[in-house]
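**Student:** Sharing entry-v2.cif here; it has mmCIF, C-alpha atoms and all ligand atoms.
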data_protein
loop_
_atom_site.label_atom_id
_atom_site.label_comp_id
_atom_site.auth_asym_id
_atom_site.auth_seq_id
_atom_site.Cartn_x
_atom_site.Cartn_y
_atom_site.Cartn_z
CA MET A 1 0.00 0.00 0.00
CA HIS A 2 2.70 2.35 1.10
CA SER A 3 4.93 1.59 -1.87
CA SER A 4 2.13 1.77 -4.43
CA ALA A 5 1.24 5.23 -3.08
CA ASN A 6 4.86 6.15 -3.63
CA ILE A 7 4.77 4.87 -7.19
CA PHE A 8 1.56 6.76 -7.76
CA ALA A 9 3.12 9.96 -6.46
CA PHE A 10 6.16 9.30 -8.61
CA LEU A 11 4.01 8.79 -11.73
CA LEU A 12 2.08 11.96 -10.97
CA ILE A 13 5.31 13.90 -10.78
CA ILE A 14 6.56 12.40 -14.06
CA VAL A 15 3.28 13.08 -15.86
CA GLY A 16 3.12 16.55 -14.36
CA PHE A 17 6.66 17.19 -15.49
CA ILE A 18 5.99 16.00 -19.04
CA THR A 19 2.80 18.06 -19.25
CA VAL A 20 4.61 21.15 -18.06
CA ARG A 21 7.45 20.53 -20.50
CA ALA A 22 4.99 20.00 -23.37
CA ARG A 23 3.02 23.09 -22.41
CA ASN A 24 6.23 25.05 -22.27
CA ILE A 25 6.92 24.47 -25.94
CA PRO A 26 4.33 26.28 -28.01
CA PRO A 27 3.32 24.97 -31.46
CA PHE A 28 5.15 27.73 -33.29
CA LEU A 29 8.51 26.50 -32.03
CA LYS A 30 10.07 23.47 -33.64
CA ILE A 31 12.79 22.36 -31.25
CA CYS A 32 16.24 21.33 -32.49
CA HIS A 33 18.92 19.56 -30.49
CA ARG A 34 22.26 21.30 -30.32
CA ASN A 35 24.12 18.02 -30.89
CA ASP A 36 22.05 17.16 -33.96
CA PRO A 37 24.54 16.51 -36.79
CA ASN A 38 22.00 18.20 -39.09
CA LEU A 39 21.44 21.17 -36.79
CA ASN A 40 21.65 23.73 -39.62
CA GLU A 41 18.94 21.94 -41.60
CA CYS A 42 16.77 21.53 -38.50
CA VAL A 43 16.93 25.24 -37.65
CA LYS A 44 16.17 26.09 -41.28
CA GLN A 45 12.95 24.05 -40.99
CA SER A 46 12.24 25.58 -37.61
CA VAL A 47 12.40 29.12 -39.03
CA ASN A 48 10.24 28.02 -41.97
CA SER A 49 7.58 26.62 -39.65
CA LEU A 50 7.55 29.94 -37.77
CA ARG A 51 6.60 31.81 -40.94
CA PRO A 52 2.78 31.38 -40.85
CA TYR A 53 2.80 32.50 -37.20
CA LEU A 54 4.82 35.59 -38.10
CA LYS A 55 2.22 36.46 -40.75
CA THR A 56 -0.58 36.67 -38.22
CA GLY A 57 1.49 37.61 -35.18
CA ILE A 58 2.07 35.77 -31.91
CA PRO A 59 -0.02 37.51 -29.22
CA ALA A 60 1.47 35.39 -26.41
CA LEU A 61 4.85 36.95 -27.18
CA GLN A 62 3.49 40.39 -28.13
CA ILE A 63 4.75 39.84 -31.67
CA PRO A 64 2.43 41.82 -33.97
CA PRO A 65 1.33 40.57 -37.41
CA CYS A 66 4.23 40.94 -39.86
CA GLU A 67 2.08 40.94 -42.99
CA PRO A 68 2.11 43.80 -43.54
CA LEU A 69 4.99 44.72 -41.31
CA ARG A 70 4.29 48.09 -39.67
CA VAL A 71 7.13 50.34 -38.65
CA PRO A 72 6.08 53.57 -36.91
CA GLN A 73 9.00 55.73 -38.01
CA ILE A 74 12.40 55.79 -39.71
CA GLU A 75 14.59 58.85 -39.90
CA ILE A 76 17.32 59.03 -42.49
CA SER A 77 19.47 62.10 -42.26
CA GLN A 78 22.89 62.57 -43.70
CA ALA A 79 25.04 65.51 -44.55
CA VAL A 80 28.00 64.02 -46.38
CA GLY A 81 28.39 62.48 -49.84
CA PRO A 82 26.20 62.94 -52.94
CA ILE A 83 23.04 62.81 -50.87
CA SER A 84 22.55 65.40 -48.17
CA ILE A 85 19.06 65.08 -46.90
CA THR A 86 16.82 65.18 -43.87
CA SER A 87 13.95 62.75 -44.24
CA THR A 88 11.36 61.13 -42.03
CA TYR A 89 9.13 58.21 -42.95
CA THR A 90 6.11 57.42 -40.79
CA ASP A 91 3.29 54.82 -40.83
CA ILE A 92 5.46 52.52 -42.90
CA GLU A 93 3.81 49.35 -44.21
CA VAL A 94 5.81 46.62 -45.89
CA GLN A 95 4.17 43.68 -47.68
CA GLY A 96 6.04 40.50 -48.58
CA GLY A 97 8.54 40.26 -45.73
CA THR A 98 7.34 36.80 -44.73
CA ASN A 99 7.63 35.48 -48.31
CA PHE A 100 11.32 34.90 -47.75
CA THR A 101 13.13 31.76 -48.84
CA LEU A 102 15.77 30.64 -46.39
CA LYS A 103 18.73 29.62 -48.52
CA SER A 104 21.15 28.60 -45.81
CA VAL A 105 21.69 28.61 -42.06
CA LYS A 106 25.04 28.19 -40.36
CA ILE A 107 25.17 27.92 -36.61
CA ASP A 108 28.33 28.27 -34.57
CA ILE A 109 27.27 27.11 -31.10
CA ASP A 110 30.62 27.88 -29.45
CA LYS A 111 30.62 31.47 -30.70
CA ASP A 112 26.84 31.98 -30.19
CA ARG A 113 26.69 33.07 -33.82
CA VAL A 114 24.23 32.37 -36.64
CA ARG A 115 24.66 33.23 -40.30
CA LEU A 116 21.59 33.28 -42.57
CA LYS A 117 21.16 33.73 -46.28
CA LEU A 118 17.71 34.57 -47.52
CA TYR A 119 15.96 35.61 -50.66
CA LEU A 120 12.94 37.90 -50.85
CA PRO A 121 11.14 37.83 -54.20
CA ARG A 122 9.23 41.08 -53.71
CA LEU A 123 8.59 43.80 -51.13
CA GLU A 124 5.92 46.48 -51.49
CA MET A 125 6.25 49.52 -49.29
CA ILE A 126 4.06 52.50 -48.58
CA ALA A 127 4.77 55.30 -46.10
CA ARG A 128 4.24 58.98 -45.36
CA TYR A 129 7.39 60.89 -46.06
CA ASN A 130 8.82 64.29 -45.40
CA MET A 131 12.14 65.28 -46.94
CA ASN A 132 14.33 68.22 -47.60
CA GLY A 133 17.83 68.44 -49.02
CA ARG A 134 19.86 67.63 -52.09
CA ILE A 135 20.31 64.49 -54.14
CA MET A 136 23.34 64.63 -56.40
CA LEU A 137 23.23 68.44 -56.55
CA LEU A 138 19.48 68.59 -57.22
CA PRO A 139 17.34 70.17 -54.52
CA ILE A 140 14.49 67.97 -53.31
CA THR A 141 11.66 68.81 -50.99
CA GLY A 142 8.27 67.26 -50.38
CA ASN A 143 5.86 65.53 -48.10
CA GLY A 144 3.14 63.04 -48.91
CA LEU A 145 3.00 59.35 -49.74
CA ALA A 146 6.05 57.37 -50.74
CA ARG A 147 5.60 54.05 -52.52
CA GLY A 148 8.22 51.55 -53.48
CA ASN A 149 8.37 48.07 -54.99
CA PHE A 150 11.58 46.11 -54.62
CA THR A 151 12.31 42.74 -56.20
CA ASP A 152 15.00 40.03 -56.12
CA ILE A 153 16.46 40.89 -52.75
CA GLU A 154 19.36 38.83 -51.45
CA VAL A 155 20.04 39.13 -47.74
CA ILE A 156 23.00 37.93 -45.71
CA ALA A 157 22.56 38.29 -41.97
CA THR A 158 24.94 37.52 -39.14
CA VAL A 159 23.41 37.27 -35.70
CA GLN A 160 25.79 37.57 -32.77
CA GLY A 161 24.32 36.56 -29.45
CA GLU A 162 25.41 35.99 -25.90
CA ARG A 163 24.26 33.81 -23.03
CA TYR A 164 23.09 35.29 -19.77
CA GLN A 165 21.49 34.03 -16.58
CA SER A 166 17.92 35.13 -15.92
CA GLN A 167 17.71 36.92 -12.56
CA LYS A 168 14.17 35.60 -12.07
CA THR A 169 14.67 31.88 -12.77
CA GLY A 170 18.44 31.43 -12.67
CA GLU A 171 18.25 29.73 -16.08
CA ILE A 172 20.56 30.41 -19.01
CA HIS A 173 19.06 32.33 -21.92
CA TYR A 174 20.34 33.53 -25.26
CA ARG A 175 19.97 37.09 -26.49
CA VAL A 176 20.88 38.84 -29.70
CA VAL A 177 23.45 41.58 -29.11
CA ASP A 178 24.39 42.38 -32.70
CA PHE A 179 22.68 41.83 -35.97
CA TYR A 180 24.64 42.62 -39.11
CA VAL A 181 22.68 42.66 -42.31
CA ASP A 182 23.80 43.15 -45.87
CA PHE A 183 21.36 43.20 -48.75
CA ASP A 184 21.37 43.52 -52.47
CA VAL A 185 18.24 44.67 -54.30
CA GLY A 186 17.73 43.47 -57.88
CA ASN A 187 15.26 46.10 -58.98
CA ALA A 188 13.35 49.04 -57.48
CA ASN A 189 10.44 51.23 -58.50
CA ILE A 190 9.74 54.23 -56.32
CA TYR A 191 7.23 57.03 -56.44
CA LEU A 192 7.15 60.09 -54.20
CA ASP A 193 3.82 61.82 -54.31
CA ASN A 194 3.49 65.59 -53.72
CA LEU A 195 7.10 66.60 -54.31
CA PHE A 196 7.82 70.34 -54.57
CA ASN A 197 4.41 71.27 -53.15
CA GLY A 198 2.68 69.33 -55.91
CA ASP A 199 4.47 70.97 -58.87
CA GLY A 200 3.73 68.34 -61.51
CA THR A 201 6.61 69.00 -63.91
CA LEU A 202 9.33 69.13 -61.23
CA SER A 203 7.79 66.18 -59.44
CA ASN A 204 7.71 63.93 -62.51
CA ALA A 205 11.27 64.88 -63.42
CA MET A 206 12.50 64.07 -59.91
CA ASN A 207 10.65 60.73 -59.79
CA LEU A 208 12.19 59.76 -63.14
CA PHE A 209 15.59 60.81 -61.87
CA LEU A 210 15.18 58.81 -58.65
CA ASN A 211 14.19 55.67 -60.54
CA ASP A 212 17.09 56.04 -62.97
CA ASN A 213 19.51 56.49 -60.09
CA TRP A 214 17.93 54.29 -57.44
CA LYS A 215 21.10 52.21 -57.02
CA VAL A 216 23.06 55.27 -55.92
CA VAL A 217 20.23 56.41 -53.64
CA ALA A 218 19.82 52.92 -52.18
CA ALA A 219 23.55 52.60 -51.50
CA GLU A 220 23.44 55.90 -49.62
CA ILE A 221 20.49 55.07 -47.37
CA LYS A 222 21.57 51.45 -46.84
CA PRO A 223 23.33 51.96 -43.48
CA ALA A 224 20.29 53.67 -41.93
CA LEU A 225 17.98 50.99 -43.32
CA GLU A 226 20.21 48.21 -42.06
CA ASN A 227 20.13 49.67 -38.56
CA THR A 228 16.33 49.77 -38.62
CA VAL A 229 15.98 46.20 -39.89
CA SER A 230 18.51 45.14 -37.29
CA ASP A 231 16.55 46.74 -34.42
CA ILE A 232 13.26 45.16 -35.54
CA PHE A 233 14.83 41.73 -35.78
CA LYS A 234 16.63 42.06 -32.44
CA THR A 235 13.40 43.02 -30.66
CA PHE A 236 11.41 40.16 -32.23
CA SER A 237 13.92 37.42 -31.56
CA ASN A 238 14.72 38.57 -28.05
CA LYS A 239 11.00 38.39 -27.22
CA ILE A 240 11.14 34.66 -28.02
CA TYR A 241 14.54 34.06 -26.41
CA SER A 242 13.66 35.81 -23.15
CA LYS A 243 10.59 33.54 -22.67
CA PHE A 244 12.42 30.25 -23.10
CA PRO A 245 15.71 29.12 -21.57
CA LEU A 246 18.39 27.91 -23.94
CA ASP A 247 17.98 24.31 -22.72
CA THR A 248 14.32 24.41 -23.85
CA LEU A 249 14.97 26.06 -27.23
CA LEU A 250 18.13 24.15 -28.05
CA PRO A 251 18.35 21.11 -25.76
CA PRO A 252 21.54 19.03 -25.76
C1 LIG B 301 3.62 36.75 -50.90
O1 LIG B 301 3.19 35.44 -51.23
C2 LIG B 301 1.77 35.32 -51.30
C3 LIG B 301 1.46 33.84 -51.51
O2 LIG B 301 2.24 33.31 -52.52
C4 LIG B 301 1.24 36.22 -52.43
O3 LIG B 301 -0.15 36.14 -52.50
C5 LIG B 301 1.65 37.67 -52.14
O4 LIG B 301 1.27 38.50 -53.21
C6 LIG B 301 3.17 37.77 -51.94
N1 LIG B 301 3.51 39.14 -51.52
C7 LIG B 301 4.20 39.97 -52.29
C8 LIG B 301 4.42 41.35 -51.75
O5 LIG B 301 4.65 39.66 -53.38
C1 LIG B 302 3.89 48.48 -56.90
O1 LIG B 302 3.15 47.35 -57.25
C2 LIG B 302 1.75 47.53 -57.08
C3 LIG B 302 1.06 46.19 -57.29
O2 LIG B 302 1.69 45.43 -58.27
C4 LIG B 302 1.29 48.59 -58.07
O3 LIG B 302 -0.10 48.80 -57.95
C5 LIG B 302 2.04 49.90 -57.75
O4 LIG B 302 1.71 50.90 -58.70
C6 LIG B 302 3.53 49.68 -57.76
N1 LIG B 302 4.18 50.88 -57.24
C7 LIG B 302 5.25 51.44 -57.82
C8 LIG B 302 5.83 52.65 -57.14
O5 LIG B 302 5.77 51.01 -58.83
#
Would you mind writing the structure in this file as structure tokens?
**Tutor:**
Amino acid sequence: MHSSANIFAFLLIIVGFITVRARNIPPFLKICHRNDPNLNECVKQSVNSLRPYLKTGIPALQIPPCEPLRVPQIEISQAVGPISITSTYTDIEVQGGTNFTLKSVKIDIDKDRVRLKLYLPRLEMIARYNMNGRIMLLPITGNGLARGNFTDIEVIATVQGERYQSQKTGEIHYRVVDFYVDFDVGNANIYLDNLFNGDGTLSNAMNLFLNDNWKVVAAEIKPALENTVSDIFKTFSNKIYSKFPLDTLLPP
């Protein structure tokens, strides 16, 4: 009697433990083992299975829907080089961000580093803009709607993380400290509405000029854009990492 009660208690603990463990891992996370010889492939699939959840958002982690991705504001100001401009973009909406194809994943467990290559077939962007300055000697000023379509985008991202101990639980977590991103856009079409206070002739000429020279313009604003993308990614992934200890996300 005594010993069967013990066994019963033991079973209860085991079942309780398993239930808690299972409940701890939400359906949007596909768990990979860090000693898996095919770890890179496993993580690739794990990121792919996260995609539909990113589209609609993950309320439990306060991750908003990413289709479209909404960014409240980006400021791009620079005073040196061929583009000297003060510009602000607000209410930015980007469609197509979750249509990425993950081309490769390389994980370096010892260095807490991940390298990703992805391909985005098409991004459509719309935002309110306000700008003032010079682009390659031409004055530019305007405020209104900015639209842009970008295709064939190759992205290489390096994620540098670190491990830390949670003060609340004492468990080891991972967090992203640096996110380096480099991208190459195949083609771009942009349109800035209401340039030069709505002067149609100047506005059309400037939009033609911008589309003819978009590679130069893109190269100039790349650093500011990379910083923004980096911040968004860091915030998203750290929301997931802070909720789950490393041994849950990447068990031995
Ligand atoms: C993303 O993919 C979906 C499904 O294939 C498609 O309907 C949508 O138009 C794509 N988004 C963009 C911006 O191309
Ligand atoms: C972007 O693509 C959409 C849908 O294909 C189109 O309606 C829009 O005019 C395009 N915008 C630009 C700036 O080319």
**Student:** Nearest to Cys66 in chain A: which of A:Phe179, A:His173, A:Thr201, A:Ile232 is it, counting all atoms listed in the file?
**Tutor:**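 Distance minimum relative to Cys66 in chain A lands on A:Ile232.
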**Student:** Show me which residues line ligand LIG 301 (chain B), defined as having an atom within 7 Å of a ligand atom where all atoms listed in the file count, and present them as a list of chain:residue names.
**Tutor:**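 The residues near ligand LIG 301 (chain B) are A:Gln95, A:Gly96, A:Asn99, A:Pro121, A:Arg122, A:Leu123, A:Glu124.
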**Student:** Provide the CA of Ser49 in chain A to CA of Gly186 in chain A distance in Å, to one decimal place.
**Tutor:** 26.8 Å
**Student:** Mind checking which residues fall within 8 Å of range 128-140 of chain A, counting all atoms listed in the file, ignoring those fewer than 5 positions away in the same chain, and posting them as a PDB file with C-alpha atoms, keeping the file's coordinate frame?
**Tutor:**
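Full text of selection_39.pdb as output:
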ATOM      1  CA  PRO A  82      26.200  62.940 -52.940  1.00  0.00           C
ATOM      2  CA  ILE A  83      23.040  62.810 -50.870  1.00  0.00           C
ATOM      3  CA  SER A  84      22.550  65.400 -48.170  1.00  0.00           C
ATOM      4  CA  ILE A  85      19.060  65.080 -46.900  1.00  0.00           C
ATOM      5  CA  THR A  86      16.820  65.180 -43.870  1.00  0.00           C
ATOM      6  CA  SER A  87      13.950  62.750 -44.240  1.00  0.00           C
ATOM      7  CA  THR A  88      11.360  61.130 -42.030  1.00  0.00           C
ATOM      8  CA  TYR A  89       9.130  58.210 -42.950  1.00  0.00           C
ATOM      9  CA  THR A  90       6.110  57.420 -40.790  1.00  0.00           C
ATOM     10  CA  ASP A  91       3.290  54.820 -40.830  1.00  0.00           C
ATOM     11  CA  ILE A  92       5.460  52.520 -42.900  1.00  0.00           C
ATOM     12  CA  LEU A 145       3.000  59.350 -49.740  1.00  0.00           C
ATOM     13  CA  ALA A 146       6.050  57.370 -50.740  1.00  0.00           C
ATOM     14  CA  LEU A 195       7.100  66.600 -54.310  1.00  0.00           C
ATOM     15  CA  PHE A 196       7.820  70.340 -54.570  1.00  0.00           C
ATOM     16  CA  MET A 206      12.500  64.070 -59.910  1.00  0.00           C
TER      17      MET A 206
END
**Student:** Kindly list the centre and edge lengths in Å, rounded to one decimal, for the axis-aligned box that covers all listed atoms of ligand LIG 302 (chain B) plus 3 Å on each of its six sides, as JSON.
**Tutor:**
{"center_x": 2.9, "center_y": 49.0, "center_z": -57.9, "size_x": 11.9, "size_y": 13.2, "size_z": 7.9}
**Student:** Quick one: residues within 6 Å of ligand LIG 302 (chain B), with only C-alpha atoms and all ligand atoms, as an NGL selection string?
**Tutor:** :A and (147-149 or 189-191)
**Student:** Do a neighbour search on His33 in chain A at 7 Å with all atoms listed in the file, toss out local chain neighbours closer than 3 positions, and write the hits as a PyMOL selection string.
**Tutor:** chain A and resi 36+39+250-252
**Student:** For Asn197 in chain A, which of A:Val177, A:Ala219, A:Asn143, A:Arg70 is the closest residue, counting all atoms listed in the file?
**Tutor:** A:Asn143
**Student:** Separation of CA of Ser77 in chain A and CA of Gly144 in chain A, in Å?
**Tutor:**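 These atoms are spaced 17.7 Å apart.
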**Student:** Restricting the calculation to all atoms listed in the file, which member of A:Ala188, A:Val216, A:Cys32, A:Leu246 is positioned closest to Glu171 in chain A?
**Tutor:** A:Leu246
**Student:** To one decimal in Å, tell me the separation between CA of Tyr119 in chain A and CA of Thr228 in chain A.
**Tutor:** 18.6 Å
**Student:** Within 8 Å of range 239-245 of chain A, counting all atoms listed in the file, which residues show up once you throw out same-chain ones fewer than 2 positions away? Write them as JSON, numbers by chain, please.
**Tutor:** {"A": [61, 62, 63, 171, 172, 173, 174, 175, 235, 236, 237, 247, 248, 249]}
**Student:** Set the distance at 9 Å and use only C-alpha atoms: which residues neighbour Leu102 in chain A once local chain neighbours fewer than 6 positions away are removed? I'd like the list as a count of residues only.
**Tutor:** 9
**Student:** Near Pro65 in chain A, within 7 Å and counting only C-alpha atoms, which residues show up once chain neighbours fewer than 3 positions away are dropped, as a list of chain:residue names?
**Tutor:**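 So, after excluding close chain neighbours, the residues are A:Leu54, A:Lys55, A:Thr56, A:Gly57, A:Pro68, A:Leu69.
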**Student:** Smallest atom-to-atom distance to Asn207 in chain A: which of A:Ala157, A:Ile221, A:Leu192, A:Val176, using all atoms listed in the file?
**Tutor:** A:Leu192
**Student:** Any chance you could build range 225-246 of chain A out to N, CA and C atoms and write it as an mmCIF file, in the frame of the given file?
**Tutor:**
data_model
loop_
_atom_site.group_PDB
_atom_site.id
_atom_site.type_symbol
_atom_site.label_atom_id
_atom_site.label_comp_id
_atom_site.auth_asym_id
_atom_site.auth_seq_id
_atom_site.Cartn_x
_atom_site.Cartn_y
_atom_site.Cartn_z
ATOM 1 N N LEU A 225 18.976 52.036 -43.153
ATOM 2 C CA LEU A 225 17.980 50.990 -43.320
ATOM 3 C C LEU A 225 18.406 49.715 -42.597
ATOM 4 N N GLU A 226 19.684 49.402 -42.715
ATOM 5 C CA GLU A 226 20.210 48.210 -42.060
ATOM 6 C C GLU A 226 20.052 48.308 -40.545
ATOM 7 N N ASN A 227 20.299 49.494 -40.002
ATOM 8 C CA ASN A 227 20.130 49.670 -38.560
ATOM 9 C C ASN A 227 18.692 49.446 -38.131
ATOM 10 N N THR A 228 17.739 49.929 -38.957
ATOM 11 C CA THR A 228 16.330 49.770 -38.620
ATOM 12 C C THR A 228 15.924 48.304 -38.661
ATOM 13 N N VAL A 229 16.300 47.632 -39.750
ATOM 14 C CA VAL A 229 15.980 46.200 -39.890
ATOM 15 C C VAL A 229 16.589 45.426 -38.720
ATOM 16 N N SER A 230 17.806 45.788 -38.378
ATOM 17 C CA SER A 230 18.510 45.140 -37.290
ATOM 18 C C SER A 230 17.768 45.292 -35.956
ATOM 19 N N ASP A 231 17.281 46.505 -35.676
ATOM 20 C CA ASP A 231 16.550 46.740 -34.420
ATOM 21 C C ASP A 231 15.260 45.950 -34.361
ATOM 22 N N ILE A 232 14.528 45.895 -35.501
ATOM 23 C CA ILE A 232 13.260 45.160 -35.540
ATOM 24 C C ILE A 232 13.530 43.684 -35.248
ATOM 25 N N PHE A 233 14.528 43.142 -35.936
ATOM 26 C CA PHE A 233 14.830 41.730 -35.780
ATOM 27 C C PHE A 233 15.274 41.410 -34.355
ATOM 28 N N LYS A 234 16.112 42.266 -33.803
ATOM 29 C CA LYS A 234 16.630 42.060 -32.440
ATOM 30 C C LYS A 234 15.471 42.006 -31.445
ATOM 31 N N THR A 235 14.532 42.962 -31.571
ATOM 32 C CA THR A 235 13.400 43.020 -30.660
ATOM 33 C C THR A 235 12.544 41.767 -30.768
ATOM 34 N N PHE A 236 12.243 41.350 -32.021
ATOM 35 C CA PHE A 236 11.410 40.160 -32.230
ATOM 36 C C PHE A 236 12.062 38.921 -31.625
ATOM 37 N N SER A 237 13.324 38.685 -31.990
ATOM 38 C CA SER A 237 13.920 37.420 -31.560
ATOM 39 C C SER A 237 14.175 37.420 -30.068
ATOM 40 N N ASN A 238 14.501 38.562 -29.493
ATOM 41 C CA ASN A 238 14.720 38.570 -28.050
ATOM 42 C C ASN A 238 13.434 38.356 -27.259
ATOM 43 N N LYS A 239 12.280 38.681 -27.884
ATOM 44 C CA LYS A 239 11.000 38.390 -27.220
ATOM 45 C C LYS A 239 10.841 36.882 -27.063
ATOM 46 N N ILE A 240 11.232 36.126 -28.098
ATOM 47 C CA ILE A 240 11.140 34.660 -28.020
ATOM 48 C C ILE A 240 12.199 34.127 -27.058
ATOM 49 N N TYR A 241 13.440 34.602 -27.222
ATOM 50 C CA TYR A 241 14.540 34.060 -26.410
ATOM 51 C C TYR A 241 14.345 34.328 -24.918
ATOM 52 N N SER A 242 13.771 35.494 -24.573
ATOM 53 C CA SER A 242 13.660 35.810 -23.150
ATOM 54 C C SER A 242 12.619 34.912 -22.465
ATOM 55 N N LYS A 243 11.654 34.378 -23.263
ATOM 56 C CA LYS A 243 10.590 33.540 -22.670
ATOM 57 C C LYS A 243 11.051 32.117 -22.404
ATOM 58 N N PHE A 244 12.035 31.649 -23.207
ATOM 59 C CA PHE A 244 12.420 30.250 -23.100
ATOM 60 C C PHE A 244 13.920 30.127 -22.840
ATOM 61 N N PRO A 245 14.282 29.329 -21.815
ATOM 62 C CA PRO A 245 15.710 29.120 -21.570
ATOM 63 C C PRO A 245 16.360 28.373 -22.730
ATOM 64 N N LEU A 246 17.646 28.527 -22.854
ATOM 65 C CA LEU A 246 18.390 27.910 -23.940
ATOM 66 C C LEU A 246 18.209 26.390 -23.969
#
